[in-house]
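Okay, run.pdb now, which holds PDB, C-alpha atoms, pLDDT in the B column:
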ATOM      1  CA  MET E 502      13.442 135.495 -67.633  1.00 44.00           C
ATOM      2  CA  ALA E 503      15.598 138.149 -69.253  1.00 44.00           C
ATOM      3  CA  ALA E 504      15.447 141.381 -67.333  1.00 47.00           C
ATOM      4  CA  ALA E 505      16.123 144.798 -68.739  1.00 45.00           C
ATOM      5  CA  ALA E 506      19.835 145.459 -68.864  1.00 45.00           C
ATOM      6  CA  ALA E 507      21.773 148.677 -69.071  1.00 45.00           C
ATOM      7  CA  GLN E 508      25.081 148.940 -70.829  1.00 46.00           C
ATOM      8  CA  CYS E 509      27.519 151.800 -70.723  1.00 47.00           C
ATOM      9  CA  ILE E 510      29.566 152.477 -73.802  1.00 48.00           C
ATOM     10  CA  TYR E 511      32.357 155.011 -73.562  1.00 48.00           C
ATOM     11  CA  LEU E 512      33.132 156.744 -76.819  1.00 48.00           C
ATOM     12  CA  SER E 513      35.744 159.321 -77.496  1.00 49.00           C
ATOM     13  CA  CYS E 514      35.130 160.287 -81.096  1.00 51.00           C
ATOM     14  CA  ARG E 515      33.450 163.073 -83.008  1.00 50.00           C
ATOM     15  CA  PHE E 516      29.952 162.502 -84.318  1.00 49.00           C
ATOM     16  CA  GLN E 517      29.257 163.919 -87.745  1.00 49.00           C
ATOM     17  CA  SER E 518      25.508 163.958 -87.180  1.00 50.00           C
ATOM     18  CA  ILE E 519      23.121 162.858 -84.433  1.00 50.00           C
ATOM     19  CA  SER E 520      19.349 162.608 -84.800  1.00 48.00           C
ATOM     20  CA  LEU E 521      17.522 163.918 -81.719  1.00 45.00           C
ATOM     21  CA  SER E 522      14.089 163.227 -80.263  1.00 46.00           C
ATOM     22  CA  SER E 523      12.342 164.506 -77.151  1.00 45.00           C
ATOM     23  CA  SER E 524      13.105 163.124 -73.715  1.00 47.00           C
ATOM     24  CA  SER E 525      11.033 162.743 -70.581  1.00 52.00           C
ATOM     25  CA  ARG E 526      14.154 163.086 -68.421  1.00 53.00           C
ATOM     26  CA  PRO E 527      15.505 166.639 -68.254  1.00 50.00           C
ATOM     27  CA  SER E 528      19.075 165.524 -67.518  1.00 49.00           C
ATOM     28  CA  ALA E 529      19.484 163.371 -70.614  1.00 48.00           C
ATOM     29  CA  THR E 530      18.789 163.753 -74.286  1.00 47.00           C
ATOM     30  CA  ALA E 531      17.143 160.673 -75.814  1.00 45.00           C
ATOM     31  CA  PHE E 532      18.081 159.372 -79.223  1.00 43.00           C
ATOM     32  CA  LYS E 533      16.576 156.792 -81.518  1.00 43.00           C
ATOM     33  CA  PRO E 534      19.016 155.521 -84.134  1.00 46.00           C
ATOM     34  CA  LEU E 535      22.216 157.506 -84.203  1.00 46.00           C
ATOM     35  CA  SER E 536      23.991 158.451 -87.368  1.00 45.00           C
ATOM     36  CA  SER E 537      27.619 158.651 -86.461  1.00 43.00           C
ATOM     37  CA  SER E 538      31.099 158.772 -87.809  1.00 44.00           C
ATOM     38  CA  ALA E 539      32.720 155.790 -89.465  1.00 42.00           C
ATOM     39  CA  ASN E 540      34.385 154.818 -86.177  1.00 45.00           C
ATOM     40  CA  VAL E 541      31.091 153.935 -84.465  1.00 44.00           C
ATOM     41  CA  SER E 542      28.791 151.117 -85.561  1.00 45.00           C
ATOM     42  CA  HIS E 543      25.273 152.259 -86.409  1.00 44.00           C
ATOM     43  CA  ASN E 544      23.858 148.856 -85.411  1.00 47.00           C
ATOM     44  CA  ALA E 545      24.950 149.325 -81.808  1.00 46.00           C
ATOM     45  CA  PHE E 546      22.430 152.144 -81.387  1.00 48.00           C
ATOM     46  CA  SER E 547      19.630 151.113 -83.744  1.00 49.00           C
ATOM     47  CA  THR E 548      17.873 148.587 -81.500  1.00 47.00           C
ATOM     48  CA  GLY E 549      16.190 150.843 -78.942  1.00 48.00           C
ATOM     49  CA  LEU E 550      16.127 153.972 -76.888  1.00 46.00           C
ATOM     50  CA  VAL E 551      19.561 155.346 -76.183  1.00 47.00           C
ATOM     51  CA  SER E 552      20.195 158.146 -73.719  1.00 49.00           C
ATOM     52  CA  VAL E 553      23.384 160.128 -74.046  1.00 51.00           C
ATOM     53  CA  ASN E 554      24.928 162.148 -71.230  1.00 50.00           C
ATOM     54  CA  PRO E 555      28.035 164.170 -72.021  1.00 50.00           C
ATOM     55  CA  ILE E 556      30.679 163.990 -69.308  1.00 47.00           C
ATOM     56  CA  LEU E 557      32.401 167.263 -68.720  1.00 48.00           C
ATOM     57  CA  GLY E 558      36.045 166.971 -67.951  1.00 48.00           C
ATOM     58  CA  ARG E 559      39.029 166.603 -70.213  1.00 51.00           C
ATOM     59  CA  GLN E 560      38.358 167.842 -73.673  1.00 49.00           C
ATOM     60  CA  ALA E 561      41.724 167.293 -75.293  1.00 51.00           C
ATOM     61  CA  GLY E 562      41.609 168.241 -78.918  1.00 55.00           C
ATOM     62  CA  ARG E 563      37.899 169.108 -78.694  1.00 56.00           C
ATOM     63  CA  SER E 564      36.840 165.482 -78.444  1.00 50.00           C
ATOM     64  CA  LEU E 565      34.054 164.881 -75.950  1.00 51.00           C
ATOM     65  CA  THR E 566      33.503 161.639 -74.044  1.00 52.00           C
ATOM     66  CA  ILE E 567      29.906 160.443 -74.177  1.00 54.00           C
ATOM     67  CA  VAL E 568      28.210 157.772 -72.047  1.00 53.00           C
ATOM     68  CA  CYS E 569      25.378 155.858 -73.700  1.00 53.00           C
ATOM     69  CA  GLU E 570      22.871 153.649 -71.900  1.00 52.00           C
ATOM     70  CA  ALA E 571      20.935 151.189 -74.004  1.00 53.00           C
ATOM     71  CA  ALA E 572      18.013 149.641 -72.143  1.00 54.00           C
ATOM     72  CA  GLY E 573      16.274 146.488 -73.289  1.00 61.00           C
ATOM     73  CA  GLN E 574      16.391 142.730 -73.131  1.00 68.00           C
ATOM     74  CA  LYS E 575      19.511 140.632 -73.366  1.00 68.00           C
ATOM     75  CA  ALA E 576      20.493 139.648 -76.849  1.00 81.00           C
ATOM     76  CA  ASP E 577      19.574 136.103 -77.825  1.00 91.00           C
ATOM     77  CA  SER E 578      23.220 135.072 -77.814  1.00 93.00           C
ATOM     78  CA  ALA E 579      23.747 136.496 -74.317  1.00 92.00           C
ATOM     79  CA  ALA E 580      20.685 134.681 -72.983  1.00 93.00           C
ATOM     80  CA  LYS E 581      21.905 131.436 -74.555  1.00 94.00           C
ATOM     81  CA  ARG E 582      25.350 131.887 -73.006  1.00 95.00           C
ATOM     82  CA  ALA E 583      23.708 132.449 -69.616  1.00 94.00           C
ATOM     83  CA  ARG E 584      21.690 129.229 -69.992  1.00 95.00           C
ATOM     84  CA  GLN E 585      24.792 127.288 -71.025  1.00 96.00           C
ATOM     85  CA  ALA E 586      26.817 128.712 -68.129  1.00 96.00           C
ATOM     86  CA  GLU E 587      24.122 127.664 -65.652  1.00 96.00           C
ATOM     87  CA  LYS E 588      24.046 124.129 -67.080  1.00 96.00           C
ATOM     88  CA  ARG E 589      27.836 123.858 -66.858  1.00 96.00           C
ATOM     89  CA  ARG E 590      27.831 125.258 -63.314  1.00 96.00           C
ATOM     90  CA  LEU E 591      25.382 122.610 -62.109  1.00 96.00           C
ATOM     91  CA  TYR E 592      27.211 119.835 -63.973  1.00 95.00           C
ATOM     92  CA  ASN E 593      30.577 120.901 -62.557  1.00 96.00           C
ATOM     93  CA  LYS E 594      29.117 121.304 -59.082  1.00 97.00           C
ATOM     94  CA  SER E 595      27.881 117.703 -59.008  1.00 96.00           C
ATOM     95  CA  ARG E 596      31.157 116.369 -60.410  1.00 97.00           C
ATOM     96  CA  LYS E 597      33.218 118.290 -57.814  1.00 97.00           C
ATOM     97  CA  SER E 598      30.900 117.066 -55.076  1.00 97.00           C
ATOM     98  CA  GLU E 599      31.476 113.474 -56.183  1.00 97.00           C
ATOM     99  CA  ILE E 600      35.253 114.031 -56.085  1.00 97.00           C
ATOM    100  CA  ARG E 601      35.083 115.449 -52.565  1.00 97.00           C
ATOM    101  CA  THR E 602      32.880 112.554 -51.409  1.00 98.00           C
ATOM    102  CA  ARG E 603      35.206 109.888 -52.802  1.00 97.00           C
ATOM    103  CA  MET E 604      38.296 111.591 -51.372  1.00 97.00           C
ATOM    104  CA  LYS E 605      36.602 111.855 -47.995  1.00 98.00           C
ATOM    105  CA  LYS E 606      35.764 108.127 -48.017  1.00 97.00           C
ATOM    106  CA  VAL E 607      39.376 107.218 -48.839  1.00 97.00           C
ATOM    107  CA  LEU E 608      40.783 109.523 -46.167  1.00 97.00           C
ATOM    108  CA  GLU E 609      38.360 108.190 -43.543  1.00 97.00           C
ATOM    109  CA  GLU E 610      39.272 104.566 -44.350  1.00 96.00           C
ATOM    110  CA  LEU E 611      42.966 105.403 -44.166  1.00 96.00           C
ATOM    111  CA  GLU E 612      42.479 107.095 -40.800  1.00 96.00           C
ATOM    112  CA  VAL E 613      40.621 104.044 -39.442  1.00 95.00           C
ATOM    113  CA  LEU E 614      43.366 101.773 -40.752  1.00 94.00           C
ATOM    114  CA  ARG E 615      46.054 103.992 -39.218  1.00 94.00           C
ATOM    115  CA  LYS E 616      44.413 103.909 -35.773  1.00 94.00           C
ATOM    116  CA  LYS E 617      43.863 100.151 -35.893  1.00 92.00           C
ATOM    117  CA  ALA E 618      46.582  98.504 -33.830  1.00 89.00           C
ATOM    118  CA  ASP E 619      46.351  94.985 -35.255  1.00 90.00           C
ATOM    119  CA  ALA E 620      45.918  95.935 -38.919  1.00 88.00           C
ATOM    120  CA  GLN E 621      47.045  93.510 -41.595  1.00 91.00           C
ATOM    121  CA  PRO E 622      48.673  94.420 -44.936  1.00 89.00           C
ATOM    122  CA  GLU E 623      45.737  92.808 -46.798  1.00 91.00           C
ATOM    123  CA  GLU E 624      43.390  95.456 -45.396  1.00 91.00           C
ATOM    124  CA  VAL E 625      45.038  98.009 -47.665  1.00 91.00           C
ATOM    125  CA  LEU E 626      43.485  96.289 -50.703  1.00 93.00           C
ATOM    126  CA  GLY E 627      40.038  97.699 -49.863  1.00 93.00           C
ATOM    127  CA  VAL E 628      41.509 101.178 -49.572  1.00 95.00           C
ATOM    128  CA  GLU E 629      43.381 100.734 -52.846  1.00 95.00           C
ATOM    129  CA  LYS E 630      40.076  99.965 -54.567  1.00 97.00           C
ATOM    130  CA  LEU E 631      38.575 103.187 -53.167  1.00 97.00           C
ATOM    131  CA  ILE E 632      41.678 105.101 -54.287  1.00 97.00           C
ATOM    132  CA  ALA E 633      41.354 103.671 -57.808  1.00 97.00           C
ATOM    133  CA  GLU E 634      37.716 104.839 -57.960  1.00 97.00           C
ATOM    134  CA  ALA E 635      38.699 108.298 -56.712  1.00 97.00           C
ATOM    135  CA  TYR E 636      41.508 108.491 -59.296  1.00 98.00           C
ATOM    136  CA  SER E 637      39.039 107.579 -62.032  1.00 98.00           C
ATOM    137  CA  VAL E 638      36.601 110.320 -61.023  1.00 98.00           C
ATOM    138  CA  ILE E 639      39.410 112.887 -60.728  1.00 98.00           C
ATOM    139  CA  ASP E 640      40.844 111.951 -64.130  1.00 98.00           C
ATOM    140  CA  LYS E 641      37.413 112.233 -65.749  1.00 97.00           C
ATOM    141  CA  ALA E 642      36.886 115.682 -64.189  1.00 97.00           C
ATOM    142  CA  VAL E 643      40.245 116.817 -65.573  1.00 97.00           C
ATOM    143  CA  GLN E 644      39.422 115.346 -68.983  1.00 97.00           C
ATOM    144  CA  VAL E 645      36.112 117.216 -69.325  1.00 96.00           C
ATOM    145  CA  GLY E 646      37.556 120.446 -67.927  1.00 96.00           C
ATOM    146  CA  THR E 647      35.886 120.602 -64.529  1.00 96.00           C
ATOM    147  CA  LEU E 648      39.250 120.568 -62.748  1.00 97.00           C
ATOM    148  CA  HIS E 649      42.586 121.936 -63.874  1.00 97.00           C
ATOM    149  CA  ARG E 650      45.136 119.188 -64.513  1.00 97.00           C
ATOM    150  CA  ASN E 651      47.394 120.451 -61.720  1.00 98.00           C
ATOM    151  CA  THR E 652      44.494 120.373 -59.267  1.00 97.00           C
ATOM    152  CA  GLY E 653      43.705 116.805 -60.277  1.00 97.00           C
ATOM    153  CA  ALA E 654      47.342 115.783 -59.897  1.00 98.00           C
ATOM    154  CA  ARG E 655      47.543 117.465 -56.482  1.00 98.00           C
ATOM    155  CA  ARG E 656      44.452 115.640 -55.211  1.00 98.00           C
ATOM    156  CA  LYS E 657      45.675 112.272 -56.473  1.00 97.00           C
ATOM    157  CA  SER E 658      49.058 112.931 -54.880  1.00 97.00           C
ATOM    158  CA  ARG E 659      47.386 113.782 -51.579  1.00 97.00           C
ATOM    159  CA  LEU E 660      45.634 110.401 -51.542  1.00 97.00           C
ATOM    160  CA  ALA E 661      48.833 108.531 -52.445  1.00 96.00           C
ATOM    161  CA  ARG E 662      50.842 110.344 -49.731  1.00 96.00           C
ATOM    162  CA  ARG E 663      48.263 109.495 -47.074  1.00 96.00           C
ATOM    163  CA  LYS E 664      48.239 105.825 -48.129  1.00 95.00           C
ATOM    164  CA  LYS E 665      52.025 105.725 -48.023  1.00 95.00           C
ATOM    165  CA  ALA E 666      52.033 107.349 -44.565  1.00 94.00           C
ATOM    166  CA  VAL E 667      49.715 104.608 -43.251  1.00 94.00           C
ATOM    167  CA  GLU E 668      51.913 101.901 -44.777  1.00 93.00           C
ATOM    168  CA  ILE E 669      55.029 103.449 -43.203  1.00 92.00           C
ATOM    169  CA  HIS E 670      53.230 103.780 -39.865  1.00 92.00           C
ATOM    170  CA  HIS E 671      52.484 100.043 -39.765  1.00 91.00           C
ATOM    171  CA  GLY E 672      55.864  99.054 -41.220  1.00 89.00           C
ATOM    172  CA  TRP E 673      54.423  97.609 -44.449  1.00 88.00           C
ATOM    173  CA  TYR E 674      56.322  99.980 -46.689  1.00 82.00           C
ATOM    174  CA  ALA E 675      60.025  99.672 -47.126  1.00 77.00           C
ATOM    175  CA  PRO E 676      61.573 101.713 -49.898  1.00 75.00           C
ATOM    176  CA  GLU E 677      63.821  99.766 -52.196  1.00 78.00           C
ATOM    177  CA  PRO E 678      67.421 100.564 -51.494  1.00 80.00           C
ATOM    178  CA  THR E 679      69.032 102.470 -54.301  1.00 80.00           C
ATOM    179  CA  ALA E 680      72.200 101.053 -55.696  1.00 73.00           C
ATOM    180  CA  ALA E 681      75.048 103.341 -54.735  1.00 67.00           C
ATOM    181  CA  SER E 682      77.190 103.970 -57.730  1.00 57.00           C
ATOM    182  CA  THR E 683      80.855 103.402 -57.156  1.00 57.00           C
ATOM    183  CA  VAL E 684      83.237 105.675 -58.891  1.00 54.00           C
TER
END
Representation of the structure as structure tokens:
Amino acid sequence: MAAAAAQCIYLSCRFQSISLSSSSRPSATAFKPLSSSANVSHNAFSTGLVSVNPILGRQAGRSLTIVCEAAGQKADSAAKRARQAEKRRLYNKSRKSEIRTRMKKVLEELEVLRKKADAQPEEVLGVEKLIAEAYSVIDKAVQVGTLHRNTGARRKSRLARRKKAVEIHHGWYAPEPTAASTV
């Protein structure tokens, strides 16, 4: 499952000592464990074959930049994180799909109700039930972190605006008049 991975580590420090071994590649010098200065962790290089290629370029203050490639399997923690990320991706994917499905059902019902010429105000109750179910699914997705809270609020607002537009279209919605303050 875990394929060989290559990592590049860019170091700009001076090594006090480096232990060398032979290499099959003429362009790179292979190292086993590296003994290095206090700035570089020995454990980073002690787990496998490390090839070091010096990059010629800026050498300010006689420090040389070195690129190291460590080949091998993913660390156990990295493999676990990959498994967890895949689980979360599938879980979030199904939850988002459910949200889209419920929103689509609400919007379709509202569109049918809008086009219906002899619609009655009681027919909105069925749509309100669908909206309540959609709100519940959206709120749960926000609660568990699948959706950002602003995204959830925007989607709920979209459903409410469409419902209100249908009610206005049929004349069922009349905003309450605001009391004008007299000064």
Draw an axis-aligned box over all listed atoms of stretch 639-642 of chain E, pad each side with 6 Å, and write its centre and edge lengths in Å, one decimal, as lines of an AutoDock Vina configuration file.
center_x = 38.9
center_y = 113.8
center_z = -63.2
size_x = 16.0
size_y = 15.7
size_z = 17.0
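Between E:Arg603 and the residues E:Lys664, E:His670, E:Arg655, E:Lys630, the shortest atom-to-atom distance, using all atoms listed in the file, involves E:Lys630.
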List the spatial neighbours of stretch 642-649 of chain E as a ChimeraX atom specification - criterion: any atom at most 7 Å away, all atoms listed in the file, same-chain residues fewer than 4 positions off excluded. /E:593,596,638,653
Tell me which residues the PyMOL selection byres ((chain E and resi 608) around 10) grabs here, as a PyMOL selection string.
chain E and resi 602-607+609-614+628+631-632+659-660+663-664
- Query: atom CA of E:Ile669 to atom CA of E:Arg615: how many Å, to one decimal?
  - Reply: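 We find that atom CA of E:Ile669 and atom CA of E:Arg615 lie 9.8 Å from each other.
Pairwise distance (atom CA of E:Ala579, atom CA of E:Ser598) equals 28.3 Å.
Distance-wise, atom CA of E:Ile639 and atom CA of E:Ile600 end up 6.3 Å apart.
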